[in-house]
Structures are given as structure tokens and as C-alpha cells.
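To keep things clear, I will list the structure first and then write my remarks on it.
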Amino acid sequence: MKMFLFFLKTLLYGWILALIELLQTGCRILKRICRHRGKRPSRHRCVPINNPAFVRPDPMIYDQYYLSSQGLSVTWDNPDIQLYLNGAPVSSNSLLAGTTYEVVAQIWNNSPDAPVVGMPVAFSFLEFGVGTVSVPIGSTQVDLGVKGGANCPTYATMPWTTPTTPGHYCIQVLLEPADDANPLNNLGQENTNVGTAHSPAVFTFTLRNNTKKQQTYTFELDSYVPGAPEPCGAASSASDRAARLAHHRRGVQPVPPGWQITVVPAAPTLDADQSATITVTAAPPPGFTGNQVLNVNAFLKGGMAGGVTLTVLVV
């Protein structure tokens, strides 16, 4: 009798309970579909994460190409690259042939939230000039702290034995992080020369077209010097920051009056991989003594091609 009642109950009510459970499951699936309506899966293998909890580092060095693209003046006497000989700082314009120097790069992080661990830093040198061929020196790794925290800035060091051929050389330092909020501020360059003005001072450097098509180059000269940096936090308001930037805008520090400067050729046109020797002649005004910084910046249609910083000594 009990068995009979069990089968009767299942026939009368069990299917109703199963139907209710099926409807509830269908409603959950429908809600899920509606919630994601219009959101198509990304076609890319790597999907950017924009959640505020995800932070990115921004390792940086004094990068002339990036600063110029922001409308700022630049110096090729890089404040973040220094050479040492036997522990004493030396200028890159008076290097001895076949001598081992220590190249030290100062590296910053513009992110207050994300440090960098084991970041590769590559060192190289070039013939003094613009667009010349880079020759690797070596690579090392550094740990970089967050902006305003410990280990920021950090320093990368690399020994470098100069070529046995005497001459002027340019140093480049390239940051190679695995992730970077701004990869455009990772290449620093040290490219200087000093000459004594006997009447007048004459400098030469190599200009090479390192692009894949013919280019016409023009030159802009100024006397920009960055000056000593202000203490961190010195400018907190927008107007303070604007005033500080105004000092570094391109063109605000022109060549002083009275200087006679020529660049020959003034507008060279070069085929791909073609090079030319550029001669800069600088004559100081009568009665001038001391030293004068001259930044020679080369431009092509796409922006800055490079440059050199020349210092004229008048004794």
C-alpha cells in the first residue's frame, strides 16, 4: 500500500517540482545572458586591465627625443649619465683612447604605486654626431622603487673601454622594462664636445640618415641649460608647474646676441644610410670671455633626429 501511494504522489506532484526547478535554472541563465548583452569577447590575446587595483610602473631617464616631442628644449649633456675614471667624474668630451671608464646612469620612476624588479638596462656608444651606428657596450639589471620612495632614483653601472682610435663618442642608455606606462622616455643620450675659440671655434660631427628613405635635415641652435633641479614638492599647484615648464620651453633660451654661428651644410639632403660631415663655426662677440653652451639640434620631417651640445671656451 505504501509503495502504491509513493508512485501515486510522484505521478501527481513530482513533475511539478521538477518543472519549477527547470524554470528557475532557465531564469538564472537568462539573467546571465542579459547582463553580458553587448559585451563581445576581445579579439586580442592580451586584454588590457583597467581596474584601479592594477598599477603600472613608468621607468624613465632624461630622454631628449621625448622631451623635444613635448615642445621642450634639451641638452645633450645628459644630467642622468655620468662617466667616472678611477672614481672621479669626467666629461664625455675629453675621453682617452683605450681607457676603461665607469658609466653610471641615474634612473627614475614616474609611478608612485608600481616598482620594477630586475629591469634590464642596455649601454651603447656611437660615433659623435647624429644618427650614427650604435655599438653595444653591455647590459645589466636594476631594481627601481616607486616615485618618492626608497631606491628611486636607482643607478645602473657599466664599465666601458673606449676605442683605441682617438675621437669623440656618444653614450646611450636604454631602459628595457617588461611593462611600462610610457615607453617613450626610456632612451638617454650623452653627446658633448668642448672647443677653444681662437677665432673662431670650429666643430665637426657626423650626420647620418638612419631612416629607410631620403631625408632633408634642418638645424636649430639655442643656449639652453637645464639648471639645478628644484626640490621635490616645490611646485604643487598647476600655476607653479606651468611656470617651471615655461623656463624649459623650446626657444626661450636662444643663442645670445653677438654670436656669429654658421652650420655647413645648412640643409643637407641624404639618402638612406648616407652620411655627411657637418661643420659648426662659432665666433664669440668682441670682449667675451668664459664659456658658452650651444645646443645643435637636427630635425627631419618626422621630428627630432638628434643633436649635440657644444661648449665654446674663450680665455
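Note on naming: chains are A, B, ... as they come in the C-alpha cells, residues start from 1 per chain, ligands start from 1 in the order shown.
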For Gly290 (chain A): contacts at 8 Å, only C-alpha atoms, fewer than 5 positions along chain excluded, given as a list in words
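After dropping sequence-adjacent residues, the list is Leu313, Val314 and Val315 of chain A.
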How would you write, as number ranges by chain, the set of residues in region 82-167 of chain A that DSSP gives as strand (DSSP E or B)?
A: 82-85, 88-90, 100-109, 116-127, 129-130, 134-144, 154-161
Kindly save the residues from that selection, with N, CA and C atoms included, as a compact mmCIF listing (two decimals), in the first residue's frame.
```txt
# COMPACT_ATOMS: atom_id res chain seq x y z
N GLN A 82 76.66 59.89 -16.26
CA GLN A 82 77.94 60.43 -15.81
C GLN A 82 79.03 59.37 -15.98
N LEU A 83 80.19 59.79 -16.46
CA LEU A 83 81.34 58.89 -16.60
C LEU A 83 82.33 59.14 -15.46
N TYR A 84 82.99 58.06 -15.03
CA TYR A 84 83.97 58.14 -13.95
C TYR A 84 85.25 57.44 -14.39
N LEU A 85 86.36 57.99 -13.95
CA LEU A 85 87.67 57.38 -14.15
C LEU A 85 88.36 57.30 -12.80
N ALA A 88 86.61 59.26 -10.05
CA ALA A 88 86.43 60.70 -10.22
C ALA A 88 85.57 60.97 -11.45
N PRO A 89 84.59 61.87 -11.37
CA PRO A 89 83.75 62.18 -12.53
C PRO A 89 84.55 62.88 -13.62
N VAL A 90 84.29 62.50 -14.88
CA VAL A 90 84.97 63.11 -16.03
C VAL A 90 83.92 63.46 -17.07
N THR A 100 89.53 52.40 -19.68
CA THR A 100 88.29 51.87 -19.09
C THR A 100 87.66 52.90 -18.17
N TYR A 101 86.44 53.27 -18.48
CA TYR A 101 85.65 54.20 -17.67
C TYR A 101 84.47 53.45 -17.05
N GLU A 102 83.87 54.09 -16.09
CA GLU A 102 82.65 53.57 -15.48
C GLU A 102 81.51 54.50 -15.89
N VAL A 103 80.52 53.97 -16.58
CA VAL A 103 79.35 54.74 -17.00
C VAL A 103 78.23 54.49 -15.99
N VAL A 104 77.71 55.56 -15.39
CA VAL A 104 76.66 55.44 -14.38
C VAL A 104 75.42 56.17 -14.89
N ALA A 105 74.28 55.47 -14.91
CA ALA A 105 73.01 56.05 -15.35
C ALA A 105 72.08 56.18 -14.16
N GLN A 106 71.52 57.35 -14.00
CA GLN A 106 70.53 57.61 -12.96
C GLN A 106 69.13 57.37 -13.54
N ILE A 107 68.34 56.51 -12.88
CA ILE A 107 67.06 56.07 -13.43
C ILE A 107 65.95 56.40 -12.45
N TRP A 108 64.84 56.89 -12.99
CA TRP A 108 63.72 57.35 -12.17
C TRP A 108 62.48 56.51 -12.45
N ASN A 109 61.49 56.65 -11.57
CA ASN A 109 60.19 56.01 -11.76
C ASN A 109 59.12 57.08 -11.58
N VAL A 116 59.78 48.34 -9.99
CA VAL A 116 60.26 47.46 -11.05
C VAL A 116 61.37 46.60 -10.48
N VAL A 117 61.31 45.31 -10.72
CA VAL A 117 62.31 44.37 -10.23
C VAL A 117 63.06 43.76 -11.41
N GLY A 118 64.39 43.80 -11.35
CA GLY A 118 65.20 43.16 -12.39
C GLY A 118 65.03 43.77 -13.76
N MET A 119 64.98 45.10 -13.86
CA MET A 119 64.80 45.75 -15.16
C MET A 119 66.12 45.78 -15.94
N PRO A 120 66.15 45.28 -17.17
CA PRO A 120 67.37 45.36 -17.99
C PRO A 120 67.67 46.81 -18.40
N VAL A 121 68.95 47.16 -18.37
CA VAL A 121 69.42 48.47 -18.81
C VAL A 121 70.58 48.23 -19.78
N ALA A 122 70.43 48.68 -21.02
CA ALA A 122 71.43 48.44 -22.06
C ALA A 122 72.26 49.70 -22.31
N PHE A 123 73.58 49.53 -22.38
CA PHE A 123 74.52 50.62 -22.64
C PHE A 123 75.12 50.43 -24.03
N SER A 124 75.33 51.55 -24.73
CA SER A 124 75.96 51.50 -26.05
C SER A 124 76.69 52.81 -26.30
N PHE A 125 77.53 52.84 -27.35
CA PHE A 125 78.18 54.09 -27.73
C PHE A 125 78.10 54.27 -29.24
N LEU A 126 78.23 55.53 -29.66
CA LEU A 126 78.16 55.87 -31.07
C LEU A 126 79.27 56.84 -31.39
N GLU A 127 79.60 56.92 -32.67
CA GLU A 127 80.47 57.99 -33.12
C GLU A 127 79.77 59.31 -32.85
N GLY A 129 77.96 62.50 -33.13
CA GLY A 129 77.17 63.03 -34.22
C GLY A 129 75.70 62.73 -34.06
N VAL A 130 74.99 62.66 -35.19
CA VAL A 130 73.55 62.45 -35.22
C VAL A 130 73.24 61.25 -36.10
N SER A 134 74.99 52.53 -33.55
CA SER A 134 75.16 52.19 -32.13
C SER A 134 75.96 50.90 -31.98
N VAL A 135 76.93 50.93 -31.05
CA VAL A 135 77.76 49.75 -30.76
C VAL A 135 77.50 49.33 -29.32
N PRO A 136 77.02 48.11 -29.08
CA PRO A 136 76.70 47.69 -27.71
C PRO A 136 77.93 47.69 -26.80
N ILE A 137 77.71 48.11 -25.56
CA ILE A 137 78.74 48.01 -24.52
C ILE A 137 78.43 46.84 -23.60
N GLY A 138 77.19 46.75 -23.16
CA GLY A 138 76.79 45.68 -22.26
C GLY A 138 75.44 45.99 -21.65
N SER A 139 74.93 45.06 -20.86
CA SER A 139 73.62 45.22 -20.23
C SER A 139 73.69 44.75 -18.79
N THR A 140 72.90 45.37 -17.94
CA THR A 140 72.82 44.99 -16.54
C THR A 140 71.36 45.06 -16.11
N GLN A 141 71.09 44.74 -14.85
CA GLN A 141 69.72 44.80 -14.33
C GLN A 141 69.71 45.60 -13.03
N VAL A 142 68.60 46.30 -12.80
CA VAL A 142 68.45 47.09 -11.57
C VAL A 142 67.05 46.90 -11.02
N ASP A 143 66.91 47.16 -9.72
CA ASP A 143 65.60 47.24 -9.07
C ASP A 143 65.29 48.72 -8.86
N LEU A 144 64.07 49.12 -9.19
CA LEU A 144 63.68 50.53 -9.13
C LEU A 144 62.46 50.68 -8.23
N THR A 154 67.39 55.01 -8.87
CA THR A 154 68.37 53.95 -8.73
C THR A 154 69.46 54.18 -9.77
N TYR A 155 70.55 53.41 -9.67
CA TYR A 155 71.70 53.66 -10.54
C TYR A 155 72.16 52.36 -11.20
N ALA A 156 72.37 52.44 -12.50
CA ALA A 156 72.92 51.31 -13.26
C ALA A 156 74.35 51.66 -13.66
N THR A 157 75.26 50.72 -13.46
CA THR A 157 76.68 50.97 -13.71
C THR A 157 77.21 49.97 -14.72
N MET A 158 78.07 50.46 -15.63
CA MET A 158 78.63 49.59 -16.66
C MET A 158 80.06 50.04 -16.99
N PRO A 159 81.05 49.15 -16.91
CA PRO A 159 82.41 49.51 -17.34
C PRO A 159 82.48 49.59 -18.86
N TRP A 160 83.26 50.53 -19.37
CA TRP A 160 83.39 50.73 -20.80
C TRP A 160 84.82 51.09 -21.15
N THR A 161 85.43 50.29 -22.02
CA THR A 161 86.77 50.59 -22.52
C THR A 161 86.62 51.29 -23.85
```
With only C-alpha atoms as the atoms that count, which of A:Ile171, A:Ala228, A:Val202, A:Val55 lies nearest to Val146 (chain A)?
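For Val146 (chain A), the nearest of the given residues is A:Val55.
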To one decimal place, how far is CA of Lys147 (chain A) from CA of Pro57 (chain A) in Å?
9.4 Å
Hey, what's within 7 Å of Ala276 (chain A) if we count only C-alpha atoms and toss same-chain stuff fewer than 5 positions away? As a list in words, please?
Thr206, Leu207 and Arg208 of chain A
Straight-line distance linking CA of Gly251 (chain A) with CA of Gly287 (chain A), stated in Å to one decimal:
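These two atoms are separated by 25.5 Å.
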